[in-house]
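Have a look at the structure below, then the notes.
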Amino acid sequence: EIPPEHASSKCHTNFISKLPTREGWSQPLVLYKDYWFRPQLLENILVAQDTYMPRSNDVILATQPKCGTTWLKALCFTIVNRSQYSFSNHPLLTRNPQHVVPFIEIRNEGGDHNYIESLPSPRLLSTHMPLSFIPIETKNQSCRIVYLCRDPKDAFVSRWYFENKLFNGCSLDLGKIFDMFCEGFSPYGPFWNHFLEYWKASMERPEKVMFLKYEDIKSDPALVVRKLADFLGMPFTKAEDDGGIPEQVVKLCDFETLASLQVNQTGLVRGKNYELHNSVFFRKGRVGDWVNHISEEMAGRLDRIVQEKLIGSGLTF
Ligand code: A3P
């Protein structure tokens, strides 16, 4: 007998093999409901759509890859668990942030999609899925979502490095993939559609969807940490504030702190079909590093495309 998960996964593989496909990135991408995906990741998403059971007190951290997922996971994990762990003996000192907050759709080491169903409430989960792919919208209105976005130019450069590291030995031509990115052809792309969906939801339901920018966390991290705690329904008490707890959260989750830990320099993240060095999640962690990789002309081109897409939305970069 075929286990149910394998049965559905086989049927998804078949379905995915018939979708429009385009080459150019390190693996061909398939188009599904107006978004481009690596086939394996789309399969994970389809399985998650069948198996994920939203709970009203779930908190979902949503991002596109390379927009600061690792950082957001670290910050939110630290905020919601602050009564449980001391800063000197904290799980993040020995575990990569990607490990402490599981993805809804990406399987963890040795695990399957049932793993997240076995977690106690309230769950802190993450996803790269577009909002319209999360069953929440139909089944459950009350989960909280934190979305983190980033300047598309920096996200693009970060993606380029990551993709080259991920697929050992692959060296993607930056100019070529930049053109594809500008067309909206990139993993989880079009880049702007992904964040616009969440942006609109945050305008309609600000108490349930919080929209953050990487650049805003960089410019005043303690302020964002306080806002996150408020949004998550766990505001800092006066004593915590006076005791500098928000600042300690910032320090623990800071790029320099995390990147220098042994676990993040030498450890591995293992999934069912992949193996990732923890160090790939830490490169420079800066705002504006794009200037070192793409020309002003390219930057202007991407900025104009994004600005056009943002017209009428109220969102600016
Ligand atoms: P760069 O490649 O620009 O350095 P993700 O976690 O979504 O994969 O995003 C990775 C990007 O976030 C990388 O950007 C990485 O260096 C940066 N990053 C990782 N941890 C961070 C942290 N604690 N603070 C700020 N940026 C961080």
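Ordering of the structure tokens sets the chain letters (A, B, ...), residue numbers begin anew at 1 in every chain, and ligands are numbered from 1 in the order given.
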
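Near Ser88 in chain A, within 12 Å and counting only C-alpha atoms, sit Arg82, Leu93, Thr94, Gln248, Val249, Lys251 and Leu252 of chain A; same-chain residues fewer than 5 positions away were not included.
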
Within 8 Å of ligand 1, counting only C-alpha atoms and all ligand atoms: which residues, as a PyMOL selection string? chain A and resi 63-72+74+154-155+157-159+161-162+214+218+253-259+280-287+289

Output the selection as a compact mmCIF listing (two decimals), in the first residue's frame - N, CA, C and O atoms for each residue.
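Dumped everything to out_14.txt:
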```txt
# COMPACT_ATOMS: atom_id res chain seq x y z
N THR A 63 8.05 35.43 4.08
CA THR A 63 9.09 36.19 3.38
C THR A 63 9.28 35.59 1.99
O THR A 63 8.86 34.47 1.73
N GLN A 64 9.99 36.36 1.16
CA GLN A 64 10.59 35.72 -0.01
C GLN A 64 12.01 35.40 0.42
O GLN A 64 12.59 36.12 1.24
N PRO A 65 12.57 34.34 -0.16
CA PRO A 65 13.95 34.01 0.23
C PRO A 65 14.86 35.22 0.01
O PRO A 65 14.64 36.01 -0.91
N LYS A 66 15.81 35.35 0.88
CA LYS A 66 16.84 36.39 0.83
C LYS A 66 16.39 37.78 1.28
O LYS A 66 17.07 38.77 1.08
N CYS A 67 15.20 37.84 1.87
CA CYS A 67 14.72 39.12 2.38
C CYS A 67 14.94 39.28 3.88
O CYS A 67 14.55 40.28 4.46
N GLY A 68 15.56 38.28 4.51
CA GLY A 68 15.83 38.39 5.94
C GLY A 68 15.06 37.38 6.78
O GLY A 68 14.83 37.60 7.98
N THR A 69 14.71 36.26 6.16
CA THR A 69 13.97 35.19 6.86
C THR A 69 14.69 34.78 8.15
O THR A 69 14.07 34.68 9.21
N THR A 70 15.99 34.55 8.04
CA THR A 70 16.79 34.06 9.17
C THR A 70 16.71 35.06 10.33
O THR A 70 16.55 34.68 11.49
N TRP A 71 16.80 36.32 9.99
CA TRP A 71 16.77 37.39 10.99
C TRP A 71 15.39 37.46 11.66
O TRP A 71 15.28 37.52 12.88
N LEU A 72 14.35 37.44 10.83
CA LEU A 72 12.98 37.52 11.37
C LEU A 72 12.68 36.33 12.26
O LEU A 72 12.05 36.47 13.31
N ALA A 74 14.85 34.62 14.00
CA ALA A 74 15.60 34.81 15.25
C ALA A 74 14.88 35.81 16.16
O ALA A 74 14.67 35.56 17.35
N ASP A 154 18.79 44.62 -3.33
CA ASP A 154 19.59 43.85 -2.37
C ASP A 154 19.14 42.39 -2.33
O ASP A 154 19.97 41.48 -2.22
N ALA A 155 17.82 42.19 -2.42
CA ALA A 155 17.33 40.81 -2.42
C ALA A 155 17.84 40.07 -3.65
O ALA A 155 18.22 38.90 -3.58
N VAL A 157 20.67 40.65 -5.38
CA VAL A 157 22.10 40.36 -5.24
C VAL A 157 22.31 39.20 -4.26
O VAL A 157 23.10 38.28 -4.51
N SER A 158 21.55 39.22 -3.18
CA SER A 158 21.65 38.15 -2.19
C SER A 158 21.25 36.81 -2.81
O SER A 158 21.89 35.78 -2.58
N ARG A 159 20.21 36.85 -3.62
CA ARG A 159 19.74 35.63 -4.31
C ARG A 159 20.81 35.08 -5.24
O ARG A 159 21.04 33.89 -5.34
N TYR A 161 24.06 35.40 -5.09
CA TYR A 161 25.12 34.73 -4.31
C TYR A 161 24.64 33.38 -3.80
O TYR A 161 25.33 32.38 -3.86
N PHE A 162 23.42 33.38 -3.26
CA PHE A 162 22.88 32.17 -2.64
C PHE A 162 22.75 31.06 -3.68
O PHE A 162 23.15 29.93 -3.45
N TYR A 214 13.16 45.14 5.72
CA TYR A 214 14.50 44.84 6.23
C TYR A 214 15.20 46.14 6.62
O TYR A 214 15.83 46.25 7.68
N LYS A 218 16.84 47.47 10.20
CA LYS A 218 18.24 47.92 10.31
C LYS A 218 18.33 49.30 10.95
O LYS A 218 19.22 49.56 11.75
N CYS A 253 20.22 38.75 18.15
CA CYS A 253 19.83 38.41 16.77
C CYS A 253 20.58 39.20 15.72
O CYS A 253 20.32 39.09 14.52
N ASP A 254 21.50 40.02 16.18
CA ASP A 254 22.29 40.86 15.31
C ASP A 254 23.13 40.01 14.34
O ASP A 254 23.56 38.91 14.68
N PHE A 255 23.34 40.53 13.15
CA PHE A 255 24.11 39.79 12.14
C PHE A 255 25.47 39.36 12.69
O PHE A 255 25.86 38.20 12.56
N GLU A 256 26.18 40.31 13.30
CA GLU A 256 27.54 40.00 13.78
C GLU A 256 27.52 38.89 14.83
O GLU A 256 28.35 37.99 14.81
N THR A 257 26.54 38.98 15.76
CA THR A 257 26.45 37.95 16.80
C THR A 257 26.21 36.58 16.18
O THR A 257 26.96 35.62 16.42
N LEU A 258 25.15 36.48 15.37
CA LEU A 258 24.77 35.17 14.84
C LEU A 258 25.82 34.63 13.87
O LEU A 258 26.16 33.44 13.91
N ALA A 259 26.33 35.49 13.00
CA ALA A 259 27.27 35.02 11.97
C ALA A 259 28.56 34.51 12.59
O ALA A 259 29.25 33.67 12.01
N VAL A 280 25.46 29.70 4.74
CA VAL A 280 24.92 30.35 3.53
C VAL A 280 23.87 31.41 3.88
O VAL A 280 23.54 32.25 3.06
N PHE A 281 23.34 31.33 5.10
CA PHE A 281 22.32 32.31 5.47
C PHE A 281 22.92 33.63 5.97
O PHE A 281 22.21 34.56 6.30
N PHE A 282 24.24 33.65 6.07
CA PHE A 282 24.91 34.87 6.55
C PHE A 282 25.96 35.29 5.53
O PHE A 282 26.94 34.58 5.33
N ARG A 283 25.76 36.40 4.88
CA ARG A 283 26.74 36.87 3.91
C ARG A 283 27.28 38.22 4.39
O ARG A 283 28.28 38.28 5.07
N LYS A 284 26.55 39.30 4.08
CA LYS A 284 26.99 40.62 4.54
C LYS A 284 26.02 41.25 5.51
O LYS A 284 26.41 41.98 6.41
N GLY A 285 24.74 41.02 5.26
CA GLY A 285 23.72 41.58 6.16
C GLY A 285 23.69 43.09 6.15
O GLY A 285 23.52 43.71 7.20
N ARG A 286 23.86 43.69 4.97
CA ARG A 286 23.88 45.16 4.91
C ARG A 286 22.79 45.68 3.99
O ARG A 286 22.33 44.98 3.10
N VAL A 287 22.47 46.95 4.19
CA VAL A 287 21.55 47.63 3.29
C VAL A 287 22.37 48.30 2.20
O VAL A 287 23.38 48.94 2.48
N ASP A 289 24.06 46.91 -0.43
CA ASP A 289 25.23 46.22 -0.99
C ASP A 289 25.12 46.07 -2.51
O ASP A 289 26.11 45.78 -3.18
```

Restrict the calculation to only C-alpha atoms, then for each residue of range 83-170 of chain A with any atom at most 10 Å from an atom of range 229-247 of chain A give the closest atom pair and their distance in Å to one decimal, rows by chain and rising residue number, as JSON lines.
```
{"residue": "A:Phe87", "atom": "CA", "partner": "A:Ile245", "partner_atom": "CA", "distance": 9.5}
{"residue": "A:Arg144", "atom": "CA", "partner": "A:Leu232", "partner_atom": "CA", "distance": 7.5}
{"residue": "A:Ile145", "atom": "CA", "partner": "A:Leu232", "partner_atom": "CA", "distance": 9.2}
{"residue": "A:Val146", "atom": "CA", "partner": "A:Phe231", "partner_atom": "CA", "distance": 8.9}
```

When you look at range 23-39 of chain A with a cut-off of 10 Å (counting only C-alpha atoms), what residues show up, excluding the ones that are within fewer than 5 positions of it in the same chain? I need them as a compact mmCIF listing (two decimals) with N, CA and C atoms, in the first residue's frame.
```
# COMPACT_ATOMS: atom_id res chain seq x y z
N HIS A 12 1.16 14.90 -7.38
CA HIS A 12 1.63 16.27 -7.57
C HIS A 12 2.77 16.32 -8.58
N THR A 13 3.68 15.35 -8.50
CA THR A 13 4.81 15.33 -9.43
C THR A 13 4.30 15.27 -10.86
N ILE A 16 2.83 18.65 -11.75
CA ILE A 16 3.86 19.67 -11.94
C ILE A 16 4.59 19.47 -13.28
N SER A 17 4.75 18.22 -13.67
CA SER A 17 5.50 17.96 -14.91
C SER A 17 4.75 18.51 -16.14
N LYS A 18 3.49 18.84 -15.98
CA LYS A 18 2.71 19.35 -17.12
C LYS A 18 2.62 20.89 -17.12
N ASN A 44 6.38 20.59 -2.52
CA ASN A 44 6.24 20.77 -1.06
C ASN A 44 5.03 21.64 -0.73
N ILE A 45 4.85 22.69 -1.52
CA ILE A 45 3.73 23.61 -1.27
C ILE A 45 2.40 22.89 -1.46
N MET A 129 5.55 30.95 0.93
CA MET A 129 4.41 30.90 0.00
C MET A 129 3.80 32.29 -0.21
N PRO A 130 3.34 32.56 -1.43
CA PRO A 130 2.53 33.77 -1.60
C PRO A 130 1.29 33.65 -0.72
N SER A 132 -1.78 34.08 -1.26
CA SER A 132 -2.92 33.38 -1.88
C SER A 132 -2.75 31.86 -1.87
N PHE A 133 -1.57 31.38 -1.51
CA PHE A 133 -1.34 29.94 -1.45
C PHE A 133 -1.58 29.38 -0.05
N TRP A 160 21.46 36.00 -5.95
CA TRP A 160 22.48 35.59 -6.92
C TRP A 160 23.62 34.84 -6.20
N GLU A 163 22.21 31.41 -4.82
CA GLU A 163 21.97 30.42 -5.87
C GLU A 163 23.30 29.82 -6.34
N ASN A 164 24.32 30.67 -6.44
CA ASN A 164 25.64 30.15 -6.84
C ASN A 164 26.24 29.25 -5.78
N LEU A 166 24.40 27.57 -3.47
CA LEU A 166 23.51 26.43 -3.27
C LEU A 166 23.80 25.32 -4.25
N PHE A 167 23.98 25.70 -5.49
CA PHE A 167 24.23 24.70 -6.52
C PHE A 167 25.71 24.76 -6.83
N CYS A 170 27.89 26.18 -9.70
CA CYS A 170 27.08 26.86 -10.71
C CYS A 170 27.44 28.34 -10.67
N SER A 171 27.70 28.93 -11.84
CA SER A 171 27.96 30.37 -11.79
C SER A 171 27.05 31.08 -12.78
N LEU A 172 25.97 31.59 -12.23
CA LEU A 172 24.96 32.25 -13.04
C LEU A 172 25.46 33.61 -13.47
N ASP A 173 25.20 33.95 -14.72
CA ASP A 173 25.60 35.26 -15.22
C ASP A 173 24.68 36.32 -14.60
N LYS A 176 22.36 38.30 -16.97
CA LYS A 176 21.24 37.51 -17.52
C LYS A 176 20.14 37.29 -16.50
N ILE A 177 20.54 36.93 -15.29
CA ILE A 177 19.47 36.66 -14.32
C ILE A 177 18.84 37.96 -13.83
N MET A 180 16.06 38.55 -16.17
CA MET A 180 14.94 37.65 -15.88
C MET A 180 14.17 38.13 -14.64
N PHE A 181 14.94 38.56 -13.64
CA PHE A 181 14.32 39.06 -12.40
C PHE A 181 13.42 40.27 -12.71
N GLY A 184 10.14 39.48 -13.95
CA GLY A 184 9.27 38.80 -12.99
C GLY A 184 9.54 37.32 -12.93
N PHE A 185 10.58 36.90 -13.69
CA PHE A 185 10.91 35.47 -13.73
C PHE A 185 12.04 35.18 -12.75
N SER A 186 11.65 34.75 -11.54
CA SER A 186 12.63 34.40 -10.51
C SER A 186 11.93 33.45 -9.54
N PRO A 187 12.68 32.67 -8.76
CA PRO A 187 12.02 31.76 -7.82
C PRO A 187 11.09 32.55 -6.89
N TYR A 188 9.84 32.12 -6.78
CA TYR A 188 8.78 32.78 -6.01
C TYR A 188 8.33 34.11 -6.64
N GLY A 189 8.88 34.44 -7.79
CA GLY A 189 8.55 35.70 -8.44
C GLY A 189 7.27 35.61 -9.24
N PRO A 190 6.76 36.71 -9.78
CA PRO A 190 7.35 38.04 -9.73
C PRO A 190 7.51 38.57 -8.30
N PHE A 191 8.70 39.07 -8.05
CA PHE A 191 9.08 39.55 -6.72
C PHE A 191 8.03 40.49 -6.14
N ASN A 193 4.81 40.93 -6.95
CA ASN A 193 3.47 40.37 -6.68
C ASN A 193 3.43 39.75 -5.30
N HIS A 194 4.52 39.08 -4.94
CA HIS A 194 4.60 38.41 -3.65
C HIS A 194 4.40 39.42 -2.52
```

Report as a PyMOL selection string: the residues of range 73-280 of chain A with a DSSP assignment of alpha helix (DSSP H), based on the backbone of this structure. chain A and resi 73-80+97-100+114-117+136-139+152-166+174-183+191-204+214-219+221-231+238-242+245-253+255-260+262-266

Provide the CA of Val263 in chain A to CA of Glu275 in chain A distance in Å, to one decimal place. 14.9 Å

Quick one: everything within 9 Å of range 292-297 of chain A, counting only C-alpha atoms, minus sequence neighbours fewer than 5 positions away in the same chain. Send it as a ChimeraX atom specification. /A:153,157,174-175,178,302

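Using only C-alpha atoms for every distance, the candidate list A:Phe15, A:Trp192, A:Phe103, A:Tyr274 yields A:Trp192 as the residue closest to Ile305 in chain A.
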
Could you pull the residues within 9 Å of Ile60 in chain A, counting only C-alpha atoms, minus those fewer than 6 positions along the same chain, as a PyMOL selection string? chain A and resi 104+123-127+143-147
